[in-house]
Each structure stands twice: as C-alpha cells, then as structure tokens.
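Coordinates from coords32.cif are shown below (mmCIF, N, CA, C and O atoms and all ligand atoms).
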data_input
#
loop_
_atom_site.label_atom_id
_atom_site.label_comp_id
_atom_site.auth_asym_id
_atom_site.auth_seq_id
_atom_site.Cartn_x
_atom_site.Cartn_y
_atom_site.Cartn_z
N MET A 1 -22.39 13.06 11.63
CA MET A 1 -22.15 14.33 12.28
C MET A 1 -23.46 15.11 12.42
O MET A 1 -23.62 15.82 13.40
N ILE A 2 -24.38 14.94 11.45
CA ILE A 2 -25.67 15.61 11.54
C ILE A 2 -26.42 15.10 12.77
O ILE A 2 -26.95 15.89 13.57
N GLU A 3 -26.47 13.78 12.93
CA GLU A 3 -27.16 13.19 14.08
C GLU A 3 -26.50 13.62 15.40
O GLU A 3 -27.19 13.92 16.38
N LEU A 4 -25.20 13.63 15.41
CA LEU A 4 -24.47 14.03 16.62
C LEU A 4 -24.77 15.49 16.96
O LEU A 4 -25.02 15.84 18.13
N ALA A 5 -24.76 16.34 15.94
CA ALA A 5 -25.06 17.76 16.18
C ALA A 5 -26.46 17.93 16.76
O ALA A 5 -26.66 18.69 17.70
N LYS A 6 -27.42 17.17 16.20
CA LYS A 6 -28.80 17.26 16.72
C LYS A 6 -28.86 16.79 18.17
O LYS A 6 -29.46 17.45 19.02
N SER A 7 -28.25 15.64 18.44
CA SER A 7 -28.36 15.08 19.79
C SER A 7 -27.63 15.92 20.83
O SER A 7 -28.00 15.91 22.00
N LEU A 8 -26.59 16.63 20.42
CA LEU A 8 -25.85 17.47 21.36
C LEU A 8 -26.29 18.93 21.33
O LEU A 8 -25.73 19.76 22.04
N ASP A 9 -27.28 19.21 20.49
CA ASP A 9 -27.77 20.58 20.33
C ASP A 9 -26.62 21.53 19.97
O ASP A 9 -26.45 22.59 20.58
N MET A 10 -25.81 21.08 19.03
CA MET A 10 -24.68 21.89 18.54
C MET A 10 -24.89 22.14 17.05
O MET A 10 -25.62 21.42 16.38
N SER A 11 -24.18 23.13 16.53
CA SER A 11 -24.25 23.35 15.09
C SER A 11 -23.41 22.28 14.39
O SER A 11 -22.44 21.75 14.96
N LEU A 12 -23.79 21.98 13.16
CA LEU A 12 -23.03 21.01 12.38
C LEU A 12 -21.60 21.49 12.18
O LEU A 12 -20.65 20.70 12.23
N SER A 13 -21.42 22.79 12.00
CA SER A 13 -20.05 23.30 11.79
C SER A 13 -19.19 23.12 13.04
O SER A 13 -17.99 22.84 12.94
N ASP A 14 -19.80 23.22 14.23
CA ASP A 14 -19.02 22.98 15.46
C ASP A 14 -18.60 21.51 15.54
O ASP A 14 -17.46 21.19 15.92
N VAL A 15 -19.51 20.60 15.21
CA VAL A 15 -19.18 19.17 15.25
C VAL A 15 -18.10 18.87 14.20
O VAL A 15 -17.12 18.17 14.49
N TYR A 16 -18.25 19.42 13.03
CA TYR A 16 -17.26 19.20 11.97
C TYR A 16 -15.90 19.76 12.40
O TYR A 16 -14.86 19.12 12.21
N GLY A 17 -15.90 20.93 12.98
CA GLY A 17 -14.65 21.54 13.43
C GLY A 17 -13.95 20.67 14.45
O GLY A 17 -12.73 20.48 14.40
N MET A 18 -14.71 20.09 15.38
CA MET A 18 -14.12 19.20 16.40
C MET A 18 -13.60 17.93 15.75
O MET A 18 -12.49 17.47 16.04
N ALA A 19 -14.38 17.35 14.85
CA ALA A 19 -14.02 16.07 14.22
C ALA A 19 -12.78 16.20 13.35
O ALA A 19 -12.03 15.24 13.19
N THR A 20 -12.54 17.37 12.81
CA THR A 20 -11.39 17.55 11.92
C THR A 20 -10.20 18.19 12.62
O THR A 20 -9.11 18.22 12.06
N PHE A 21 -10.38 18.66 13.85
CA PHE A 21 -9.27 19.28 14.58
C PHE A 21 -8.37 18.23 15.22
O PHE A 21 -7.15 18.29 15.13
N TYR A 22 -8.95 17.23 15.84
CA TYR A 22 -8.18 16.23 16.57
C TYR A 22 -7.75 15.11 15.63
O TYR A 22 -8.58 14.48 14.97
N SER A 23 -6.44 14.85 15.60
CA SER A 23 -5.94 13.88 14.63
C SER A 23 -6.36 12.45 14.95
O SER A 23 -6.29 11.58 14.09
N PHE A 24 -6.82 12.20 16.17
CA PHE A 24 -7.26 10.84 16.50
C PHE A 24 -8.73 10.61 16.14
O PHE A 24 -9.24 9.52 16.33
N LEU A 25 -9.39 11.63 15.65
CA LEU A 25 -10.74 11.46 15.13
C LEU A 25 -10.65 11.49 13.61
O LEU A 25 -9.72 12.08 13.04
N SER A 26 -11.61 10.87 12.96
CA SER A 26 -11.59 10.86 11.50
C SER A 26 -13.01 10.99 10.97
O SER A 26 -13.96 10.48 11.57
N THR A 27 -13.12 11.64 9.84
CA THR A 27 -14.43 11.74 9.18
C THR A 27 -14.59 10.67 8.10
O THR A 27 -15.61 10.60 7.46
N LYS A 28 -13.54 9.85 7.93
CA LYS A 28 -13.59 8.76 6.95
C LYS A 28 -13.36 7.45 7.69
O LYS A 28 -12.63 7.41 8.69
N PRO A 29 -13.93 6.34 7.19
CA PRO A 29 -13.63 5.04 7.80
C PRO A 29 -12.13 4.76 7.75
O PRO A 29 -11.46 5.09 6.77
N GLN A 30 -11.61 4.18 8.83
CA GLN A 30 -10.18 3.88 8.91
C GLN A 30 -9.95 2.37 8.83
O GLN A 30 -10.87 1.58 9.06
N GLY A 31 -8.72 1.99 8.52
CA GLY A 31 -8.35 0.60 8.49
C GLY A 31 -8.37 0.00 9.89
O GLY A 31 -8.50 0.71 10.88
N ARG A 32 -8.21 -1.34 9.95
CA ARG A 32 -8.20 -2.01 11.26
C ARG A 32 -7.05 -1.53 12.12
O ARG A 32 -7.13 -1.53 13.35
N ASN A 33 -5.95 -1.15 11.49
CA ASN A 33 -4.77 -0.65 12.21
C ASN A 33 -4.39 0.71 11.64
O ASN A 33 -4.25 0.85 10.43
N VAL A 34 -4.21 1.67 12.53
CA VAL A 34 -3.87 3.02 12.08
C VAL A 34 -2.42 3.32 12.48
O VAL A 34 -2.07 3.30 13.65
N ILE A 35 -1.60 3.56 11.46
CA ILE A 35 -0.19 3.90 11.66
C ILE A 35 -0.08 5.42 11.67
O ILE A 35 -0.54 6.08 10.74
N ARG A 36 0.53 5.94 12.72
CA ARG A 36 0.76 7.39 12.80
C ARG A 36 2.25 7.63 13.02
O ARG A 36 2.77 7.30 14.09
N ILE A 37 2.91 8.21 12.04
CA ILE A 37 4.33 8.51 12.17
C ILE A 37 4.48 9.98 12.53
O ILE A 37 3.91 10.85 11.86
N CYS A 38 5.26 10.24 13.56
CA CYS A 38 5.49 11.62 13.99
C CYS A 38 6.34 12.34 12.96
O CYS A 38 7.37 11.82 12.52
N LYS A 39 5.91 13.55 12.62
CA LYS A 39 6.64 14.38 11.65
C LYS A 39 7.13 15.68 12.27
O LYS A 39 7.58 16.57 11.56
N SER A 40 7.04 15.80 13.59
CA SER A 40 7.48 17.03 14.26
C SER A 40 9.01 17.13 14.25
O SER A 40 9.71 16.15 13.93
N ILE A 41 9.52 18.29 14.62
CA ILE A 41 10.94 18.61 14.41
C ILE A 41 11.91 17.56 14.98
O ILE A 41 12.80 17.11 14.26
N PRO A 42 11.79 17.14 16.26
CA PRO A 42 12.77 16.16 16.75
C PRO A 42 12.79 14.87 15.92
O PRO A 42 13.87 14.35 15.61
N CYS A 43 11.63 14.38 15.53
CA CYS A 43 11.60 13.18 14.70
C CYS A 43 12.09 13.47 13.29
O CYS A 43 12.77 12.66 12.68
N PHE A 44 11.79 14.67 12.80
CA PHE A 44 12.29 15.07 11.48
C PHE A 44 13.82 15.07 11.48
O PHE A 44 14.46 14.58 10.55
N LEU A 45 14.40 15.63 12.57
CA LEU A 45 15.86 15.69 12.64
C LEU A 45 16.48 14.31 12.79
O LEU A 45 17.67 14.13 12.50
N LYS A 46 15.70 13.35 13.27
CA LYS A 46 16.20 11.97 13.39
C LYS A 46 15.75 11.13 12.19
O LYS A 46 15.67 9.91 12.27
N ASN A 47 15.46 11.81 11.09
CA ASN A 47 15.24 11.17 9.80
C ASN A 47 13.93 10.37 9.69
O ASN A 47 13.91 9.26 9.15
N CYS A 48 12.84 10.96 10.19
CA CYS A 48 11.55 10.27 10.06
C CYS A 48 11.14 10.09 8.61
O CYS A 48 10.34 9.19 8.30
N GLN A 49 11.69 10.91 7.70
CA GLN A 49 11.32 10.76 6.30
C GLN A 49 11.70 9.37 5.78
O GLN A 49 10.96 8.76 4.99
N THR A 50 12.82 8.84 6.24
CA THR A 50 13.21 7.49 5.83
C THR A 50 12.22 6.47 6.37
O THR A 50 11.87 5.50 5.67
N ILE A 51 11.73 6.69 7.58
CA ILE A 51 10.74 5.77 8.16
C ILE A 51 9.44 5.87 7.38
O ILE A 51 8.81 4.84 7.07
N ILE A 52 9.03 7.07 7.03
CA ILE A 52 7.81 7.26 6.24
C ILE A 52 7.93 6.51 4.91
O ILE A 52 7.02 5.77 4.52
N GLU A 53 9.05 6.68 4.24
CA GLU A 53 9.25 6.02 2.94
C GLU A 53 9.30 4.50 3.10
O GLU A 53 8.81 3.76 2.24
N THR A 54 9.86 4.03 4.20
CA THR A 54 9.91 2.59 4.44
C THR A 54 8.50 2.02 4.64
O THR A 54 8.15 0.98 4.08
N VAL A 55 7.68 2.72 5.42
CA VAL A 55 6.29 2.28 5.62
C VAL A 55 5.53 2.31 4.30
O VAL A 55 4.80 1.37 3.97
N GLU A 56 5.72 3.37 3.53
CA GLU A 56 5.07 3.45 2.22
C GLU A 56 5.42 2.23 1.38
O GLU A 56 4.56 1.63 0.73
N GLY A 57 6.69 1.85 1.40
CA GLY A 57 7.13 0.69 0.62
C GLY A 57 6.56 -0.61 1.15
O GLY A 57 6.22 -1.51 0.39
N GLU A 58 6.45 -0.73 2.46
CA GLU A 58 5.95 -1.96 3.08
C GLU A 58 4.46 -2.19 2.81
O GLU A 58 4.04 -3.31 2.57
N ILE A 59 3.67 -1.13 2.89
CA ILE A 59 2.21 -1.33 2.79
C ILE A 59 1.62 -0.78 1.50
O ILE A 59 0.44 -0.96 1.23
N GLY A 60 2.43 -0.10 0.71
CA GLY A 60 2.01 0.31 -0.63
C GLY A 60 1.03 1.47 -0.70
O GLY A 60 0.31 1.62 -1.70
N ILE A 61 0.99 2.29 0.33
CA ILE A 61 0.13 3.48 0.30
C ILE A 61 0.89 4.68 0.83
O ILE A 61 1.94 4.54 1.45
N LYS A 62 0.35 5.86 0.60
CA LYS A 62 0.93 7.12 1.07
C LYS A 62 0.15 7.60 2.31
O LYS A 62 -0.99 7.15 2.54
N PRO A 63 0.73 8.53 3.06
CA PRO A 63 -0.01 9.10 4.19
C PRO A 63 -1.37 9.65 3.74
O PRO A 63 -1.49 10.26 2.68
N GLY A 64 -2.38 9.40 4.55
CA GLY A 64 -3.73 9.84 4.22
C GLY A 64 -4.55 8.76 3.53
O GLY A 64 -5.74 8.96 3.28
N GLU A 65 -3.92 7.61 3.25
CA GLU A 65 -4.63 6.56 2.52
C GLU A 65 -4.85 5.33 3.40
O GLU A 65 -4.24 5.18 4.46
N THR A 66 -5.71 4.44 2.92
CA THR A 66 -5.99 3.16 3.56
C THR A 66 -5.76 2.06 2.53
O THR A 66 -6.11 2.22 1.36
N THR A 67 -5.16 0.97 2.96
CA THR A 67 -4.90 -0.14 2.02
C THR A 67 -6.23 -0.69 1.51
O THR A 67 -7.24 -0.66 2.23
N PRO A 68 -6.26 -1.20 0.30
CA PRO A 68 -7.52 -1.71 -0.27
C PRO A 68 -8.15 -2.82 0.58
O PRO A 68 -9.38 -2.95 0.61
N ASP A 69 -7.34 -3.59 1.29
CA ASP A 69 -7.90 -4.66 2.14
C ASP A 69 -8.34 -4.16 3.51
O ASP A 69 -8.84 -4.93 4.34
N GLY A 70 -8.16 -2.86 3.77
CA GLY A 70 -8.60 -2.28 5.04
C GLY A 70 -7.71 -2.64 6.22
O GLY A 70 -8.06 -2.37 7.36
N LYS A 71 -6.55 -3.22 5.95
CA LYS A 71 -5.68 -3.62 7.07
C LYS A 71 -5.01 -2.42 7.74
O LYS A 71 -4.88 -2.39 8.96
N PHE A 72 -4.54 -1.47 6.93
CA PHE A 72 -3.83 -0.32 7.48
C PHE A 72 -4.37 1.00 6.94
O PHE A 72 -4.66 1.11 5.74
N SER A 73 -4.44 1.99 7.81
CA SER A 73 -4.52 3.39 7.41
C SER A 73 -3.20 4.01 7.83
O SER A 73 -2.58 3.58 8.81
N PHE A 74 -2.76 5.00 7.09
CA PHE A 74 -1.44 5.58 7.30
C PHE A 74 -1.60 7.09 7.43
O PHE A 74 -2.18 7.73 6.55
N GLN A 75 -1.09 7.64 8.52
CA GLN A 75 -1.20 9.08 8.75
C GLN A 75 0.12 9.63 9.27
O GLN A 75 0.90 8.90 9.88
N LEU A 76 0.33 10.90 9.04
CA LEU A 76 1.43 11.61 9.69
C LEU A 76 0.83 12.36 10.87
O LEU A 76 -0.31 12.83 10.80
N ALA A 77 1.59 12.46 11.95
CA ALA A 77 1.05 13.07 13.16
C ALA A 77 2.05 14.07 13.72
O ALA A 77 3.24 14.03 13.41
N ASN A 78 1.55 14.96 14.55
CA ASN A 78 2.45 15.81 15.31
C ASN A 78 2.92 15.02 16.53
O ASN A 78 2.50 13.88 16.74
N CYS A 79 3.77 15.61 17.32
CA CYS A 79 4.45 14.93 18.42
C CYS A 79 3.54 13.97 19.19
O CYS A 79 2.42 14.32 19.57
N ILE A 80 4.04 12.75 19.39
CA ILE A 80 3.28 11.75 20.15
C ILE A 80 3.90 11.54 21.53
O ILE A 80 3.59 10.57 22.22
N GLY A 81 4.81 12.44 21.92
CA GLY A 81 5.35 12.41 23.28
C GLY A 81 6.51 11.45 23.49
O GLY A 81 6.79 11.09 24.63
N ALA A 82 7.18 11.06 22.44
CA ALA A 82 8.32 10.15 22.58
C ALA A 82 9.56 10.76 21.93
O ALA A 82 10.40 10.05 21.38
N CYS A 83 9.69 12.07 22.04
CA CYS A 83 10.75 12.81 21.34
C CYS A 83 12.14 12.31 21.71
O CYS A 83 13.05 12.33 20.90
N ASP A 84 12.32 11.90 22.98
CA ASP A 84 13.65 11.46 23.41
C ASP A 84 14.06 10.15 22.78
O ASP A 84 15.22 9.73 22.90
N LYS A 85 13.13 9.49 22.13
CA LYS A 85 13.45 8.23 21.46
C LYS A 85 13.05 8.29 19.99
O LYS A 85 12.61 7.32 19.40
N ALA A 86 13.19 9.48 19.41
CA ALA A 86 12.84 9.69 18.00
C ALA A 86 13.75 8.87 17.08
O ALA A 86 14.91 8.61 17.46
N PRO A 87 13.26 8.52 15.91
CA PRO A 87 11.92 8.74 15.40
C PRO A 87 10.92 7.75 16.00
O PRO A 87 11.27 6.62 16.35
N ALA A 88 9.66 8.20 16.08
CA ALA A 88 8.65 7.41 16.76
C ALA A 88 7.37 7.32 15.92
O ALA A 88 7.11 8.19 15.08
N MET A 89 6.63 6.27 16.18
CA MET A 89 5.32 6.13 15.53
C MET A 89 4.38 5.38 16.46
O MET A 89 4.81 4.75 17.42
N MET A 90 3.10 5.49 16.19
CA MET A 90 2.10 4.69 16.88
C MET A 90 1.43 3.80 15.86
O MET A 90 1.22 4.19 14.72
N VAL A 91 1.11 2.60 16.29
CA VAL A 91 0.21 1.74 15.52
C VAL A 91 -0.93 1.45 16.48
O VAL A 91 -0.71 0.85 17.55
N ASN A 92 -2.09 1.94 16.14
CA ASN A 92 -3.22 1.96 17.07
C ASN A 92 -2.78 2.73 18.31
O ASN A 92 -2.41 3.87 18.19
N TYR A 93 -2.76 2.10 19.48
CA TYR A 93 -2.32 2.81 20.68
C TYR A 93 -0.96 2.33 21.18
O TYR A 93 -0.55 2.68 22.28
N ASP A 94 -0.25 1.55 20.36
CA ASP A 94 1.09 1.09 20.72
C ASP A 94 2.11 2.10 20.20
O ASP A 94 2.06 2.49 19.03
N VAL A 95 3.05 2.49 21.06
CA VAL A 95 4.10 3.42 20.65
C VAL A 95 5.36 2.63 20.33
O VAL A 95 5.78 1.76 21.10
N HIS A 96 5.95 2.92 19.18
CA HIS A 96 7.20 2.28 18.75
C HIS A 96 8.24 3.39 18.58
O HIS A 96 7.96 4.40 17.93
N VAL A 97 9.42 3.17 19.16
CA VAL A 97 10.44 4.24 19.20
C VAL A 97 11.78 3.75 18.65
O VAL A 97 11.95 2.56 18.37
N ASP A 98 12.70 4.72 18.54
CA ASP A 98 14.04 4.43 18.01
C ASP A 98 13.94 3.64 16.71
O ASP A 98 14.64 2.64 16.51
N LEU A 99 13.06 4.11 15.85
CA LEU A 99 12.77 3.35 14.63
C LEU A 99 13.94 3.39 13.66
O LEU A 99 14.63 4.38 13.53
N THR A 100 14.09 2.28 12.98
CA THR A 100 15.01 2.17 11.85
C THR A 100 14.23 1.48 10.74
O THR A 100 13.23 0.79 11.01
N PRO A 101 14.66 1.64 9.49
CA PRO A 101 13.96 0.93 8.42
C PRO A 101 13.91 -0.57 8.67
O PRO A 101 12.92 -1.22 8.36
N GLU A 102 14.95 -1.11 9.28
CA GLU A 102 14.99 -2.56 9.54
C GLU A 102 13.91 -2.99 10.53
O GLU A 102 13.42 -4.12 10.46
N LYS A 103 13.53 -2.13 11.45
CA LYS A 103 12.52 -2.50 12.46
C LYS A 103 11.10 -2.47 11.90
O LYS A 103 10.21 -3.13 12.45
N ILE A 104 10.87 -1.70 10.86
CA ILE A 104 9.51 -1.46 10.39
C ILE A 104 8.80 -2.75 9.98
O ILE A 104 7.67 -3.02 10.38
N SER A 105 9.45 -3.55 9.18
CA SER A 105 8.82 -4.77 8.68
C SER A 105 8.39 -5.67 9.84
O SER A 105 7.27 -6.19 9.86
N GLN A 106 9.28 -5.83 10.81
CA GLN A 106 8.97 -6.69 11.97
C GLN A 106 7.81 -6.12 12.77
O GLN A 106 6.91 -6.86 13.19
N ILE A 107 7.79 -4.82 12.98
CA ILE A 107 6.70 -4.21 13.75
C ILE A 107 5.36 -4.41 13.03
O ILE A 107 4.38 -4.81 13.66
N LEU A 108 5.34 -4.16 11.74
CA LEU A 108 4.06 -4.26 11.02
C LEU A 108 3.53 -5.69 10.96
O LEU A 108 2.31 -5.89 10.86
N LYS A 109 4.41 -6.67 11.07
CA LYS A 109 3.97 -8.08 11.09
C LYS A 109 3.14 -8.40 12.34
O LYS A 109 2.41 -9.39 12.36
N GLU A 110 3.29 -7.58 13.38
CA GLU A 110 2.54 -7.82 14.62
C GLU A 110 1.05 -7.54 14.48
O GLU A 110 0.26 -7.92 15.34
N TYR A 111 0.68 -6.86 13.40
CA TYR A 111 -0.70 -6.40 13.26
C TYR A 111 -1.42 -7.18 12.16
O TYR A 111 -0.92 -7.28 11.05
N LYS A 112 -2.58 -7.71 12.50
CA LYS A 112 -3.36 -8.54 11.55
C LYS A 112 -4.35 -7.69 10.79
O LYS A 112 -4.93 -6.78 11.27
S1 LIG B 201 8.70 15.01 18.01
FE1 LIG B 201 8.29 12.97 17.43
S2 LIG B 201 7.57 12.09 19.25
FE2 LIG B 201 7.86 14.16 19.79
#
Now, as a test, write the supplied structure out as structure tokens.
Amino acid sequence: MIELAKSLDMSLSDVYGMATFYSFLSTKPQGRNVIRICKSIPCFLKNCQTIIETVEGEIGIKPGETTPDGKFSFQLANCIGACDKAPAMMVNYDVHVDLTPEKISQILKEYK
C-alpha cells in the first residue's frame, strides 16, 4: 500500500481506506478460492446462517479465516445480487443460489 500510495501520489490513509472499504479487495493474502456467503436480509430470512454453519463444518474455519492449506478463504458479504434465489454465495466469481446444506459439499468439491 505504501508503494501504491507513492506511485499514485495519494496518501497512505486514502489507499488503506479504499483497500478496506471494498469487500472484494483484501489487505491479507487470500486462499486459492474465496467463499463469500451473503448475510443481507433476504438471505438471512432464507436461513443463510445454516449455510454458513455448513460451510464452517465442511472446511473447518470461521468467516474471516483461511484454511491452513490455503485452499479456501471464507468471508461473509453483503448482497451479491441474487436475492430472488436466496440464500446465495459466491466462490471466486461463480454465483451459487438456492443453497441448501446438501448442496454445499458438492459445490465445494468443484474447487481445487
Ligand atoms: S440479499 Fe443475499 S443475494 Fe441479495
């Protein structure tokens, strides 16, 4: 961020503010696959908490963490634009909708 601030002639605090505002940017190294489960109201009402707990059980980490092998990072996100098919999540740039606990294991197997 220091180098970026210098090259863009911006303050470090402006670069930091940008890097931490957008959920698709990160200030920490991420896993090869980033899981983002929507936690906004429509997905919440369609029981996204069960999906979150299922993912936690499948990959053994909590939101905000990365698996020790670097395969997955896990994050909670605000609306990803698939509210009509809630609950929804993204893995990298793939959107998965109408999630059920039964679907989670099969979806995660798609990612190496
Ligand atoms: S509220 Fe979850 S995708 Fe929009």
Please, which residues of chain A, numbered as in this document, come out strand (DSSP E or B) from DSSP, as a ChimeraX atom specification? /A:33-38,66,72-77,89-91,94-96
Per residue of chain A within 7 Å of ligand LIG 201 (chain B), note the shortest atom pair and the distance in Å to one decimal, counting only N, CA, C and O atoms and all ligand atoms, and order the rows by chain and increasing residue number, as a tab-separated table.
residue	atom	partner	partner_atom	distance
A:Ile37	C	B:LIG201	FE1	6.9
A:Cys38	CA	B:LIG201	FE1	4.6
A:Lys39	N	B:LIG201	FE1	5.4
A:Ser40	C	B:LIG201	S1	4.3
A:Ile41	N	B:LIG201	S1	4.8
A:Pro42	N	B:LIG201	S1	4.1
A:Cys43	N	B:LIG201	S1	3.9
A:Phe44	N	B:LIG201	FE1	6.0
A:Ala77	O	B:LIG201	FE1	6.5
A:Asn78	C	B:LIG201	FE1	5.8
A:Cys79	CA	B:LIG201	FE2	3.8
A:Ile80	N	B:LIG201	S2	3.6
A:Gly81	N	B:LIG201	S2	3.9
A:Ala82	N	B:LIG201	S2	3.4
A:Cys83	N	B:LIG201	S2	3.5
A:Asp84	N	B:LIG201	FE2	5.9
A:Lys85	C	B:LIG201	S2	6.7
A:Ala86	CA	B:LIG201	FE1	5.6
A:Pro87	CA	B:LIG201	FE1	5.9
A:Ala88	N	B:LIG201	FE1	5.1
A:Met89	N	B:LIG201	S2	6.6
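Among the candidates A:Thr67, A:Gln106, A:Ser13, A:Asn47, the residue lying nearest to Asn33 (chain A) is A:Thr67 (atoms considered: only N, CA, C and O atoms).
With only N, CA, C and O atoms as the atoms that count, the residue of A:Arg32, A:Ser7, A:Thr20, A:Ser105 with the shortest distance to Val55 (chain A) is A:Ser105.
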From A:Lys112, A:Lys62, A:Lys46, A:Arg36, residue lying nearest Thr100 (chain A) [all atoms listed in the file]: A:Lys46
Taking all heavy atoms as the atom set, what does region 18-26 of chain A look like once completed, written as a PDB file, in the coordinates of the input?
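Below you can see result.pdb, which holds the result:
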ATOM      1  N   MET A  18     -14.710  20.090  15.380  1.00  0.00           N
ATOM      2  CA  MET A  18     -14.120  19.200  16.400  1.00  0.00           C
ATOM      3  C   MET A  18     -13.600  17.930  15.750  1.00  0.00           C
ATOM      4  O   MET A  18     -12.490  17.470  16.040  1.00  0.00           O
ATOM      5  CB  MET A  18     -15.177  18.873  17.441  1.00  0.00           C
ATOM      6  CG  MET A  18     -14.675  18.069  18.569  1.00  0.00           C
ATOM      7  SD  MET A  18     -14.756  18.794  20.206  1.00  0.00           S
ATOM      8  CE  MET A  18     -15.876  20.097  20.167  1.00  0.00           C
ATOM      9  N   ALA A  19     -14.380  17.350  14.850  1.00  0.00           N
ATOM     10  CA  ALA A  19     -14.020  16.070  14.220  1.00  0.00           C
ATOM     11  C   ALA A  19     -12.780  16.200  13.350  1.00  0.00           C
ATOM     12  O   ALA A  19     -12.030  15.240  13.190  1.00  0.00           O
ATOM     13  CB  ALA A  19     -15.183  15.532  13.395  1.00  0.00           C
ATOM     14  N   THR A  20     -12.540  17.370  12.810  1.00  0.00           N
ATOM     15  CA  THR A  20     -11.390  17.550  11.920  1.00  0.00           C
ATOM     16  C   THR A  20     -10.200  18.190  12.620  1.00  0.00           C
ATOM     17  O   THR A  20      -9.110  18.220  12.060  1.00  0.00           O
ATOM     18  CB  THR A  20     -11.771  18.393  10.686  1.00  0.00           C
ATOM     19  OG1 THR A  20     -12.309  19.643  11.133  1.00  0.00           O
ATOM     20  CG2 THR A  20     -12.793  17.668   9.828  1.00  0.00           C
ATOM     21  N   PHE A  21     -10.380  18.660  13.850  1.00  0.00           N
ATOM     22  CA  PHE A  21      -9.270  19.280  14.580  1.00  0.00           C
ATOM     23  C   PHE A  21      -8.370  18.230  15.220  1.00  0.00           C
ATOM     24  O   PHE A  21      -7.150  18.290  15.130  1.00  0.00           O
ATOM     25  CB  PHE A  21      -9.797  20.226  15.669  1.00  0.00           C
ATOM     26  CG  PHE A  21      -8.705  20.879  16.459  1.00  0.00           C
ATOM     27  CD1 PHE A  21      -8.014  21.963  15.948  1.00  0.00           C
ATOM     28  CD2 PHE A  21      -8.351  20.397  17.714  1.00  0.00           C
ATOM     29  CE1 PHE A  21      -6.982  22.562  16.674  1.00  0.00           C
ATOM     30  CE2 PHE A  21      -7.331  20.990  18.442  1.00  0.00           C
ATOM     31  CZ  PHE A  21      -6.654  22.071  17.919  1.00  0.00           C
ATOM     32  N   TYR A  22      -8.950  17.230  15.840  1.00  0.00           N
ATOM     33  CA  TYR A  22      -8.180  16.230  16.570  1.00  0.00           C
ATOM     34  C   TYR A  22      -7.750  15.110  15.630  1.00  0.00           C
ATOM     35  O   TYR A  22      -8.580  14.480  14.970  1.00  0.00           O
ATOM     36  CB  TYR A  22      -9.005  15.653  17.723  1.00  0.00           C
ATOM     37  CG  TYR A  22      -9.277  16.679  18.789  1.00  0.00           C
ATOM     38  CD1 TYR A  22     -10.521  17.276  18.908  1.00  0.00           C
ATOM     39  CD2 TYR A  22      -8.270  17.072  19.665  1.00  0.00           C
ATOM     40  CE1 TYR A  22     -10.766  18.239  19.874  1.00  0.00           C
ATOM     41  CE2 TYR A  22      -8.504  18.032  20.626  1.00  0.00           C
ATOM     42  CZ  TYR A  22      -9.752  18.610  20.725  1.00  0.00           C
ATOM     43  OH  TYR A  22      -9.968  19.559  21.672  1.00  0.00           O
ATOM     44  N   SER A  23      -6.440  14.850  15.600  1.00  0.00           N
ATOM     45  CA  SER A  23      -5.940  13.880  14.630  1.00  0.00           C
ATOM     46  C   SER A  23      -6.360  12.450  14.950  1.00  0.00           C
ATOM     47  O   SER A  23      -6.290  11.580  14.090  1.00  0.00           O
ATOM     48  CB  SER A  23      -4.413  13.968  14.530  1.00  0.00           C
ATOM     49  OG  SER A  23      -3.825  13.649  15.771  1.00  0.00           O
ATOM     50  N   PHE A  24      -6.820  12.200  16.170  1.00  0.00           N
ATOM     51  CA  PHE A  24      -7.260  10.840  16.500  1.00  0.00           C
ATOM     52  C   PHE A  24      -8.730  10.610  16.140  1.00  0.00           C
ATOM     53  O   PHE A  24      -9.240   9.520  16.330  1.00  0.00           O
ATOM     54  CB  PHE A  24      -7.003  10.529  17.977  1.00  0.00           C
ATOM     55  CG  PHE A  24      -5.589  10.106  18.224  1.00  0.00           C
ATOM     56  CD1 PHE A  24      -4.546  11.010  18.066  1.00  0.00           C
ATOM     57  CD2 PHE A  24      -5.287   8.812  18.596  1.00  0.00           C
ATOM     58  CE1 PHE A  24      -3.236  10.634  18.267  1.00  0.00           C
ATOM     59  CE2 PHE A  24      -3.980   8.415  18.809  1.00  0.00           C
ATOM     60  CZ  PHE A  24      -2.945   9.332  18.645  1.00  0.00           C
ATOM     61  N   LEU A  25      -9.390  11.630  15.650  1.00  0.00           N
ATOM     62  CA  LEU A  25     -10.740  11.460  15.130  1.00  0.00           C
ATOM     63  C   LEU A  25     -10.650  11.490  13.610  1.00  0.00           C
ATOM     64  O   LEU A  25      -9.720  12.080  13.040  1.00  0.00           O
ATOM     65  CB  LEU A  25     -11.655  12.588  15.617  1.00  0.00           C
ATOM     66  CG  LEU A  25     -11.856  12.693  17.123  1.00  0.00           C
ATOM     67  CD1 LEU A  25     -12.732  13.898  17.448  1.00  0.00           C
ATOM     68  CD2 LEU A  25     -12.461  11.420  17.680  1.00  0.00           C
ATOM     69  N   SER A  26     -11.610  10.870  12.960  1.00  0.00           N
ATOM     70  CA  SER A  26     -11.590  10.860  11.500  1.00  0.00           C
ATOM     71  C   SER A  26     -13.010  10.990  10.970  1.00  0.00           C
ATOM     72  O   SER A  26     -13.960  10.480  11.570  1.00  0.00           O
ATOM     73  CB  SER A  26     -10.968   9.564  11.001  1.00  0.00           C
ATOM     74  OG  SER A  26     -11.019   9.534   9.589  1.00  0.00           O
TER      75      SER A  26
END
